[in-house]
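Q: File name model13.txt; file contents compact mmCIF, C-alpha atoms and all ligand atoms; full text below.
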# COMPACT_ATOMS: atom_id res chain seq x y z
CA MET A 126 77.22 292.11 63.54
CA PHE A 127 74.12 290.50 62.17
CA GLU A 128 74.10 292.86 59.18
CA THR A 129 76.87 290.74 57.71
CA LEU A 130 74.63 287.67 57.48
CA LYS A 131 73.55 286.55 54.05
CA GLU A 132 70.41 284.81 52.96
CA GLN A 133 71.05 281.05 53.00
CA PRO A 134 69.70 278.71 50.35
CA ALA A 135 66.42 277.14 51.48
CA ASP A 136 65.90 273.39 51.79
CA LYS A 137 63.97 272.61 48.60
CA ILE A 138 62.22 269.62 50.13
CA LEU A 139 60.95 271.62 53.09
CA GLN A 140 59.97 274.49 50.78
CA LEU A 141 57.86 272.08 48.76
CA MET A 142 56.08 270.97 51.97
CA GLN A 143 55.09 274.59 52.55
CA MET A 144 53.88 275.08 48.97
CA TYR A 145 51.74 271.96 49.26
CA ARG A 146 50.15 273.22 52.48
CA GLU A 147 49.32 276.54 50.83
CA ASP A 148 47.73 274.96 47.73
CA PRO A 149 43.95 275.44 48.14
CA ARG A 150 43.01 272.68 45.66
CA GLU A 151 41.12 269.78 47.14
CA GLN A 152 42.63 267.24 44.75
CA LYS A 153 46.35 267.48 45.47
CA ILE A 154 48.91 264.80 46.14
CA ASP A 155 51.99 265.25 48.33
CA LEU A 156 54.88 263.12 47.09
CA GLY A 157 57.52 265.41 48.55
CA VAL A 158 59.13 265.05 51.96
CA GLY A 159 60.31 261.58 52.98
CA VAL A 160 57.81 260.75 55.67
CA TYR A 161 55.83 257.51 55.66
CA LYS A 162 52.09 258.00 55.23
CA ASP A 163 49.39 255.35 55.47
CA ALA A 164 46.47 255.02 53.02
CA SER A 165 44.64 257.90 54.77
CA GLY A 166 47.66 260.16 54.54
CA ASN A 167 48.51 259.94 58.24
CA THR A 168 51.94 259.31 59.75
CA PRO A 169 50.92 257.12 62.69
CA VAL A 170 52.81 256.51 65.92
CA MET A 171 53.73 252.82 65.69
CA ARG A 172 51.87 250.51 68.09
CA ALA A 173 55.01 249.28 69.87
CA ILE A 174 56.26 252.85 70.31
CA LYS A 175 52.93 253.87 71.89
CA ALA A 176 53.08 250.88 74.21
CA ALA A 177 56.67 251.65 75.18
CA GLU A 178 55.75 255.28 75.81
CA LYS A 179 52.98 254.23 78.18
CA THR A 180 55.30 251.94 80.12
CA LEU A 181 57.99 254.59 80.17
CA TRP A 182 55.57 257.15 81.58
CA GLU A 183 54.58 254.74 84.29
CA THR A 184 58.04 253.56 85.24
CA GLU A 185 60.51 256.35 84.52
CA THR A 186 61.72 257.78 87.80
CA THR A 187 64.24 260.38 86.65
CA LYS A 188 65.08 262.58 83.74
CA SER A 189 68.54 263.34 84.98
CA TYR A 190 71.37 263.33 82.43
CA THR A 191 72.41 260.10 80.74
CA GLY A 192 76.04 259.82 79.55
CA LEU A 193 77.73 261.76 76.76
CA ALA A 194 77.17 258.83 74.41
CA GLY A 195 73.57 258.39 75.57
CA ASP A 196 72.19 255.23 77.15
CA PRO A 197 74.60 252.30 76.54
CA GLY A 198 71.56 250.01 76.16
CA PHE A 199 70.48 252.01 73.11
CA ALA A 200 73.90 251.66 71.50
CA ASP A 201 73.92 247.90 72.15
CA ALA A 202 70.43 247.40 70.73
CA MET A 203 71.10 249.50 67.63
CA VAL A 204 74.56 248.09 66.94
CA SER A 205 72.95 244.67 66.94
CA LEU A 206 70.05 245.80 64.72
CA VAL A 207 72.35 247.38 62.13
CA LEU A 208 75.45 245.20 62.27
CA GLY A 209 73.98 241.85 63.36
CA ASP A 210 76.90 239.57 64.15
CA SER A 211 79.09 240.84 61.31
CA VAL A 212 81.72 242.19 63.74
CA PRO A 213 82.51 241.56 67.42
CA ARG A 214 80.84 244.18 69.61
CA ASP A 215 84.15 245.34 71.06
CA CYS A 216 85.28 246.58 67.63
CA VAL A 217 82.36 249.03 67.59
CA SER A 218 82.16 252.39 69.33
CA ALA A 219 78.88 254.26 69.27
CA ALA A 220 77.20 257.43 70.45
CA ALA A 221 73.57 258.51 70.29
CA THR A 222 72.93 261.63 68.23
CA PRO A 223 69.97 263.88 67.44
CA GLY A 224 68.58 261.94 64.48
CA GLY A 225 70.45 260.43 61.57
CA THR A 226 71.35 263.97 60.52
CA GLY A 227 73.19 264.43 63.82
CA ALA A 228 75.06 261.19 63.17
CA VAL A 229 75.99 262.30 59.64
CA ARG A 230 77.21 265.67 60.90
CA GLN A 231 79.25 264.14 63.73
CA GLY A 232 80.59 261.53 61.31
CA PHE A 233 81.94 264.30 59.08
CA ASP A 234 83.34 266.03 62.18
CA LEU A 235 85.13 262.81 63.04
CA VAL A 236 86.61 262.60 59.53
CA LYS A 237 87.78 266.20 59.78
CA MET A 238 89.46 265.51 63.12
CA ALA A 239 91.09 262.28 62.01
CA ASN A 240 92.21 263.36 58.55
CA PRO A 241 91.73 267.03 57.65
CA LYS A 242 92.93 266.25 54.14
CA ALA A 243 90.29 263.63 53.47
CA LYS A 244 88.07 264.18 50.51
CA VAL A 245 84.51 262.88 50.86
CA TRP A 246 83.10 261.08 47.81
CA VAL A 247 79.35 261.38 47.47
CA SER A 248 76.95 259.68 45.08
CA ASP A 249 75.55 261.83 42.29
CA PRO A 250 72.80 262.41 43.25
CA THR A 251 72.62 262.15 47.02
CA TRP A 252 70.48 263.47 49.88
CA PRO A 253 70.90 267.27 49.52
CA ASN A 254 71.71 267.65 53.22
CA HIS A 255 74.90 265.62 52.76
CA LEU A 256 76.13 268.30 50.40
CA SER A 257 74.94 271.28 52.40
CA ILE A 258 76.52 269.96 55.61
CA LEU A 259 79.83 269.28 53.85
CA LYS A 260 79.75 272.75 52.30
CA HIS A 261 78.95 274.36 55.63
CA MET A 262 81.85 272.52 57.24
CA GLY A 263 84.22 273.60 54.49
CA MET A 264 85.05 270.00 53.64
CA GLU A 265 86.20 268.94 50.23
CA PHE A 266 83.86 266.60 48.39
CA THR A 267 83.57 265.04 44.95
CA PRO A 268 80.59 263.33 43.34
CA TYR A 269 80.83 259.86 41.87
CA ARG A 270 78.40 258.81 39.17
CA TYR A 271 75.67 256.59 40.57
CA PHE A 272 72.40 256.81 38.63
CA ASP A 273 71.79 255.81 35.04
CA SER A 274 69.10 258.18 33.82
CA ALA A 275 68.27 255.90 30.89
CA THR A 276 67.62 252.69 32.83
CA ARG A 277 66.92 254.41 36.18
CA GLY A 278 69.17 251.79 37.75
CA VAL A 279 72.64 252.09 39.28
CA ASP A 280 75.28 253.20 36.78
CA PHE A 281 77.76 250.77 38.26
CA VAL A 282 80.36 250.92 35.51
CA HIS A 283 80.77 254.66 35.94
CA MET A 284 80.52 254.48 39.72
CA ILE A 285 83.52 252.16 39.79
CA ALA A 286 85.34 254.19 37.15
CA ASP A 287 84.96 257.36 39.25
CA LEU A 288 85.90 255.67 42.53
CA THR A 289 89.12 254.45 40.94
CA ALA A 290 90.46 257.96 41.61
CA VAL A 291 89.90 257.68 45.38
CA MET A 292 93.07 258.34 47.41
CA PRO A 293 94.19 256.58 50.61
CA GLY A 294 92.35 258.08 53.58
CA ASP A 295 89.51 259.48 51.47
CA VAL A 296 86.00 258.78 52.68
CA VAL A 297 83.38 257.24 50.41
CA LEU A 298 79.83 257.94 51.52
CA LEU A 299 77.40 255.15 50.64
CA HIS A 300 73.69 254.75 51.34
CA GLY A 301 73.10 251.56 53.31
CA CYS A 302 69.81 250.82 51.53
CA CYS A 303 66.85 252.57 49.87
CA HIS A 304 68.99 255.21 48.16
CA ASN A 305 67.69 258.76 48.59
CA PRO A 306 66.72 260.22 46.12
CA THR A 307 66.86 257.57 43.40
CA GLY A 308 65.51 254.30 44.92
CA ALA A 309 68.22 252.43 42.96
CA ASN A 310 70.41 250.17 45.10
CA LEU A 311 73.58 248.11 44.88
CA THR A 312 73.28 244.34 44.54
CA GLN A 313 75.32 242.11 46.84
CA ALA A 314 77.81 241.47 44.03
CA GLN A 315 78.17 245.23 43.54
CA TRP A 316 78.72 245.80 47.28
CA LYS A 317 81.45 243.17 47.07
CA ALA A 318 83.14 244.94 44.16
CA VAL A 319 82.96 248.31 45.96
CA ILE A 320 84.52 246.75 49.07
CA GLU A 321 87.36 245.28 47.01
CA LEU A 322 88.02 248.65 45.42
CA LEU A 323 87.98 250.52 48.74
CA LEU A 324 90.31 247.96 50.30
CA ASP A 325 92.64 248.36 47.37
CA LYS A 326 92.53 252.17 47.62
CA GLU A 327 92.83 252.20 51.43
CA ALA A 328 89.77 254.41 51.59
CA VAL A 329 87.29 254.58 54.48
CA PRO A 330 83.61 253.84 53.86
CA MET A 331 80.99 255.93 55.62
CA ILE A 332 77.52 254.45 55.43
CA ASP A 333 74.32 256.40 55.98
CA ILE A 334 71.49 254.02 56.78
CA ALA A 335 68.17 255.79 57.30
CA TYR A 336 65.62 253.29 55.94
CA GLN A 337 66.46 249.85 57.35
CA GLY A 338 63.32 247.74 57.00
CA PHE A 339 61.78 249.88 54.25
CA GLY A 340 63.31 248.01 51.31
CA ASP A 341 63.60 244.22 51.36
CA GLY A 342 63.40 243.59 55.13
CA LEU A 343 65.33 244.41 58.30
CA ASP A 344 68.20 241.97 57.74
CA GLU A 345 68.15 242.19 53.94
CA ASP A 346 68.51 245.98 54.04
CA ALA A 347 71.55 245.67 56.31
CA ILE A 348 73.41 243.21 54.08
CA GLY A 349 75.59 245.90 52.48
CA VAL A 350 76.58 247.59 55.71
CA ARG A 351 77.29 244.20 57.33
CA MET A 352 79.46 243.09 54.39
CA VAL A 353 81.42 246.33 54.62
CA ALA A 354 81.81 246.02 58.41
CA GLU A 355 83.01 242.44 58.06
CA LYS A 356 85.60 243.16 55.39
CA MET A 357 86.93 246.69 55.93
CA PRO A 358 89.40 247.62 58.69
CA GLU A 359 87.58 250.85 59.50
CA VAL A 360 84.01 252.01 58.89
CA ILE A 361 81.87 254.97 59.93
CA ILE A 362 78.12 254.35 60.15
CA ALA A 363 75.33 256.88 60.66
CA ALA A 364 71.98 255.26 61.49
CA SER A 365 68.60 256.95 61.80
CA CYS A 366 65.61 255.69 63.79
CA SER A 367 63.28 258.34 62.36
CA LYS A 368 61.66 256.26 59.64
CA ASN A 369 61.77 252.65 60.79
CA PHE A 370 60.50 253.52 64.27
CA GLY A 371 58.32 256.41 63.05
CA ILE A 372 59.78 258.77 65.66
CA TYR A 373 60.88 261.57 63.34
CA ARG A 374 60.51 264.48 65.75
CA GLU A 375 62.12 262.68 68.68
CA ARG A 376 65.48 263.06 66.92
CA THR A 377 67.00 259.64 67.40
CA GLY A 378 70.11 258.33 65.68
CA LEU A 379 73.41 256.61 66.33
CA LEU A 380 76.92 257.23 65.05
CA MET A 381 79.11 254.12 65.01
CA THR A 382 82.73 253.46 64.21
CA VAL A 383 84.14 250.03 63.48
CA SER A 384 87.87 249.43 64.05
CA LYS A 385 89.13 245.91 63.49
CA ASP A 386 92.06 246.85 65.67
CA ARG A 387 90.15 246.67 68.96
CA SER A 388 92.83 248.59 70.79
CA ARG A 389 91.44 251.67 69.00
CA SER A 390 87.88 251.24 70.24
CA LYS A 391 88.47 253.12 73.49
CA LEU A 392 89.98 256.10 71.68
CA ASN A 393 87.18 256.05 69.10
CA GLN A 394 84.59 256.00 71.90
CA GLY A 395 86.31 258.89 73.63
CA THR A 396 86.28 260.87 70.40
CA LEU A 397 82.56 260.25 69.83
CA ASN A 398 81.84 261.34 73.41
CA TYR A 399 84.03 264.41 72.91
CA LEU A 400 82.18 265.35 69.71
CA ASN A 401 78.81 265.08 71.45
CA ARG A 402 80.09 267.33 74.23
CA GLN A 403 81.33 269.98 71.82
CA ASN A 404 78.01 270.14 70.02
CA TYR A 405 75.24 269.54 72.55
CA SER A 406 76.65 267.56 75.51
CA PHE A 407 74.05 264.86 76.09
CA PRO A 408 72.06 263.54 73.14
CA PRO A 409 68.24 263.40 73.33
CA ASP A 410 67.09 260.34 75.27
CA HIS A 411 63.33 259.92 74.89
CA GLY A 412 63.29 258.40 71.41
CA ALA A 413 66.42 256.36 72.11
CA ARG A 414 64.81 254.90 75.23
CA LEU A 415 61.68 253.94 73.29
CA VAL A 416 63.77 252.24 70.61
CA THR A 417 65.71 250.34 73.29
CA MET A 418 62.51 249.19 74.97
CA VAL A 419 61.04 248.06 71.65
CA LEU A 420 64.16 246.20 70.59
CA THR A 421 64.76 244.49 73.93
CA THR A 422 61.17 243.51 74.86
CA PRO A 423 60.27 240.44 72.78
CA GLU A 424 56.53 241.19 72.41
CA LEU A 425 57.16 244.83 71.50
CA ARG A 426 59.88 243.86 69.07
CA ALA A 427 57.67 241.30 67.34
CA ASP A 428 54.82 243.79 67.02
CA TRP A 429 57.16 246.53 65.74
CA ALA A 430 58.69 244.19 63.15
CA ALA A 431 55.21 243.12 62.04
CA GLU A 432 54.04 246.71 61.65
CA LEU A 433 57.22 247.63 59.79
CA GLU A 434 56.52 244.73 57.42
CA GLU A 435 53.01 246.13 56.81
CA VAL A 436 54.58 249.51 56.00
CA ARG A 437 57.17 247.96 53.68
CA ASN A 438 54.63 245.78 51.90
CA SER A 439 52.21 248.65 51.44
CA MET A 440 54.95 250.60 49.62
CA LEU A 441 55.82 247.57 47.48
CA GLY A 442 52.14 247.17 46.61
CA LEU A 443 51.89 250.82 45.55
CA ARG A 444 55.06 250.49 43.47
CA GLN A 445 53.64 247.50 41.63
CA GLN A 446 50.26 249.16 41.13
CA LEU A 447 51.89 252.30 39.70
CA ALA A 448 54.19 250.32 37.39
CA ASP A 449 51.22 248.21 36.19
CA GLU A 450 49.04 251.25 35.60
CA LEU A 451 51.80 252.97 33.60
CA LYS A 452 52.36 249.81 31.59
CA ARG A 453 48.67 249.74 30.74
CA LEU A 454 48.55 253.42 29.75
CA THR A 455 51.78 253.52 27.75
CA ASN A 456 51.74 250.00 26.37
CA SER A 457 55.40 249.73 27.33
CA ASP A 458 57.53 248.50 30.18
CA ARG A 459 59.58 251.67 30.48
CA PHE A 460 58.22 252.42 33.96
CA ASP A 461 58.96 248.96 35.36
CA PHE A 462 61.86 250.46 37.30
CA ILE A 463 59.30 251.84 39.77
CA ALA A 464 58.54 248.29 40.92
CA GLN A 465 62.25 247.44 41.08
CA HIS A 466 63.31 250.45 43.15
CA ARG A 467 63.27 250.04 46.92
CA GLY A 468 62.41 252.29 49.84
CA MET A 469 60.26 255.39 49.92
CA PHE A 470 61.69 257.07 46.86
CA SER A 471 61.95 256.68 43.14
CA ARG A 472 63.47 259.12 40.74
CA LEU A 473 60.96 259.26 37.92
CA GLY A 474 63.27 260.85 35.37
CA ALA A 475 60.94 263.75 34.53
CA SER A 476 62.39 267.11 33.47
CA PRO A 477 62.04 270.14 35.78
CA GLU A 478 59.40 271.47 33.36
CA GLN A 479 57.43 268.25 33.59
CA VAL A 480 57.68 268.32 37.40
CA GLU A 481 56.33 271.87 37.25
CA THR A 482 53.48 270.82 34.95
CA LEU A 483 52.55 267.99 37.30
CA ARG A 484 52.33 270.49 40.15
CA ARG A 485 50.60 273.30 38.28
CA ASP A 486 48.10 271.29 36.24
CA HIS A 487 47.56 268.25 38.42
CA GLY A 488 48.35 269.33 42.00
CA ILE A 489 51.02 266.63 42.22
CA TYR A 490 53.98 267.66 44.34
CA MET A 491 57.32 265.92 43.85
CA VAL A 492 60.84 267.21 44.42
CA GLY A 493 62.35 269.19 41.50
CA ASP A 494 64.68 266.34 40.51
CA SER A 495 61.49 264.21 40.03
CA ARG A 496 61.93 262.24 43.23
CA LEU A 497 58.59 260.94 44.39
CA ASN A 498 57.67 259.55 47.79
CA ILE A 499 55.76 256.34 47.07
CA ALA A 500 54.19 256.45 50.55
CA GLY A 501 52.38 259.65 49.59
CA LEU A 502 50.15 257.55 47.30
CA ASN A 503 47.20 255.27 47.96
CA LYS A 504 45.17 252.88 45.80
CA THR A 505 42.91 255.72 44.62
CA THR A 506 45.61 258.24 43.78
CA VAL A 507 47.92 255.83 41.90
CA PRO A 508 45.76 255.91 38.71
CA LEU A 509 45.53 259.72 38.96
CA LEU A 510 49.31 259.99 39.15
CA ALA A 511 49.83 257.53 36.30
CA GLU A 512 47.47 259.48 34.05
CA ALA A 513 49.11 262.79 34.96
CA ILE A 514 52.57 261.37 34.27
CA VAL A 515 51.50 260.29 30.81
CA LYS A 516 49.66 263.56 30.10
CA SER A 517 52.74 265.57 31.13
CA GLY A 518 54.80 263.72 28.54
CA VAL A 519 57.19 262.01 30.95
N1 LIG B 1 70.15 260.19 55.68
C1 LIG B 1 69.29 260.10 54.68
C2 LIG B 1 69.74 259.51 53.39
C3 LIG B 1 67.97 260.53 54.83
O1 LIG B 1 67.13 260.42 53.82
C4 LIG B 1 67.59 261.08 56.06
C5 LIG B 1 66.25 261.64 56.13
O2 LIG B 1 65.40 261.42 56.76
C6 LIG B 1 68.53 261.13 57.11
C7 LIG B 1 69.80 260.69 56.86
C8 LIG B 1 68.32 261.65 58.49
O3 LIG B 1 67.10 261.62 59.03
P1 LIG B 1 66.83 262.10 60.50
O4 LIG B 1 67.80 263.16 60.86
O5 LIG B 1 65.43 262.61 60.47
O6 LIG B 1 66.97 260.90 61.38
O1 LIG B 2 64.80 263.42 52.05
C1 LIG B 2 63.82 263.52 52.77
O2 LIG B 2 62.74 263.91 52.35
C2 LIG B 2 63.92 263.07 54.22
C3 LIG B 2 63.41 264.08 55.22
O3 LIG B 2 66.23 268.89 55.66
C4 LIG B 2 64.18 265.34 55.32
O4 LIG B 2 65.23 262.69 54.45
C5 LIG B 2 64.12 266.30 54.31
C6 LIG B 2 64.80 267.50 54.43
C7 LIG B 2 65.54 267.74 55.56
C8 LIG B 2 65.61 266.78 56.56
C9 LIG B 2 64.93 265.59 56.44
As a first step, turn the structure in this file into structure tokens.
A:
Amino acid sequence: MFETLKEQPADKILQLMQMYREDPREQKIDLGVGVYKDASGNTPVMRAIKAAEKTLWETETTKSYTGLAGDPGFADAMVSLVLGDSVPRDCVSAAATPGGTGAVRQGFDLVKMANPKAKVWVSDPTWPNHLSILKHMGMEFTPYRYFDSATRGVDFVHMIADLTAVMPGDVVLLHGCCHNPTGANLTQAQWKAVIELLLDKEAVPMIDIAYQGFGDGLDEDAIGVRMVAEKMPEVIIAASCSKNFGIYRERTGLLMTVSKDRSRSKLNQGTLNYLNRQNYSFPPDHGARLVTMVLTTPELRADWAAELEEVRNSMLGLRQQLADELKRLTNSDRFDFIAQHRGMFSRLGASPEQVETLRRDHGIYMVGDSRLNIAGLNKTTVPLLAEAIVKSGV
């Protein structure tokens, strides 16, 4: 049977991680995979998570199964973190999933169950896993224009023009904040216009939020998703705790549905539970429990929020330093977009050849579409990157 299997396309981001590891050069810079790194290049366990882990070790008395949707306390804490008070809690159904990827996958499963004819609209570009999961599931999807390669901002005129073709019941996938891979994000006015369009088209928004707290702040980064939840009758939301709690390998995420018609919440919840059972029964609990402890213990929450602010500000500082350095070297403001982008990523706008030159001649690793992870830099490597960018003719 196995002889029928075909080679599957590799994940380019993970491939790049491997190439970086194998590069023997001492002076090399990893701007590839989206993992936060501090100035020494480490991805630390956050202080509040460590503290919660210690308490958990001391107090946990059982590792018996939770429920199919995971610990209800986790859902409550995360629904509140993501949605604030934009919608009453009883309009929201939620189930813990293995990471944000698990939530995205289950979200697509939910779409397929509810409306097999739904087409999923995805930003061009988007996180490559969105596309590979949709392909694997045999779901129909269409890109909508999103990024203006001249300004490196959102190409809003074309985004709206493309979304005008959305049909009732179609699903429009949006990034909640810190767009991956471009770093270009919708303004509040643009969110409002998208909501009006989707209402008019009777389409269903699905929001992937994987970087809350990495852009403008915890509440600021949730403004879009909260506006959508407040205005739209139905919403699907996939949230990841990997980045903002620094618990990548614990695989912690939450899939939420919002139905303004509360009488649907029970059925939605049952469907989310059912989907978990079909795929893995009970979702992982360790990371979810840590997140719940951090969010519900005031001292831990305050310390976590403070550390997240340090992380966010360090990335903003690096963005500004890189934009300033490039301004100095090129005598132009054409790289100012780096300081305006938000989150871990910016799409530089370099050609594949230039990305290759940066890797070959300068040991600088960024994804082939010229996405760079700002957190892979530090004060010393910013000038090296800026010089290499200019030398490579970007
Ligand atoms: N969605 C986006 C846009 C991402 O960039 C990521 C990557 O980390 C995820 C979802 C899911 O992350 P994870 O499965 O590690 O929680
Ligand atoms: O885009 C990124 O780099 C992150 C991490 O298959 C990631 O979202 C990369 C590839 C992958 C899963 C997560």
Q: Find the residues near Ala430 of chain A: any atom within 10 Å, counting all atoms listed in the file, skip ones fewer than 2 places away on the same chain, and give them as JSON, numbers by chain.
A: {"A": [173, 338, 342, 343, 369, 370, 419, 420, 424, 425, 426, 427, 428, 432, 433, 434, 435, 436]}
Q: So which residues are near ligand LIG 2 (chain B), meaning at most 6 Å away with only C-alpha atoms and all ligand atoms counted, given back as a list in words?
A: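 So, counting only C-alpha atoms and all ligand atoms, the residues near ligand LIG 2 (chain B) are Asp136, Ile138, Leu139, Val158 and Gly159 of chain A.
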Q: Which chains and residue numbers are within 6 Å of ligand LIG 1 (chain B), counting only C-alpha atoms and all ligand atoms, if I want them as an MDAnalysis selection string?
A: chainID A and resid 224:226 252 305 333 335 365:367 373 378
Q: So, with all atoms listed in the file as the atoms that count, which of A:Ile362, A:Leu380, A:Val416, A:Ala135 lies closest to Asn254 of chain A?
A: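 Among the listed residues, A:Ala135 lies closest to Asn254 of chain A.
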Q: Rounded to one decimal place, report the atom CA of Leu509 of chain A-atom CA of Met491 of chain A distance in Å.
A: 14.2 Å
Q: May I ask which of the residues A:Asp461, A:Glu265, A:Asp210, A:Asp325 is the closest one to Asn240 of chain A, counting only C-alpha atoms?
A: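 Ranking A:Asp461, A:Glu265, A:Asp210, A:Asp325 by distance to Asn240 of chain A, first place goes to A:Glu265.
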Q: Using all atoms listed in the file, which residues sit within 9 Å of Leu311 of chain A once same-chain residues fewer than 2 positions away are excluded, as a PyMOL selection string?
A: chain A and resi 279+281+302+309+313-316+349
Q: Which one of A:Met381, A:Ala511, A:Trp246, A:Arg484 sits closest to Lys153 of chain A if you count only C-alpha atoms?
A: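 Among the listed residues, A:Arg484 lies closest to Lys153 of chain A.
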Q: Can you tell me how far atom CA of Thr312 of chain A sits from atom CA of Gly232 of chain A, in Å to one decimal?
A: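 Separating atom CA of Thr312 of chain A from atom CA of Gly232 of chain A is a distance of 25.1 Å.
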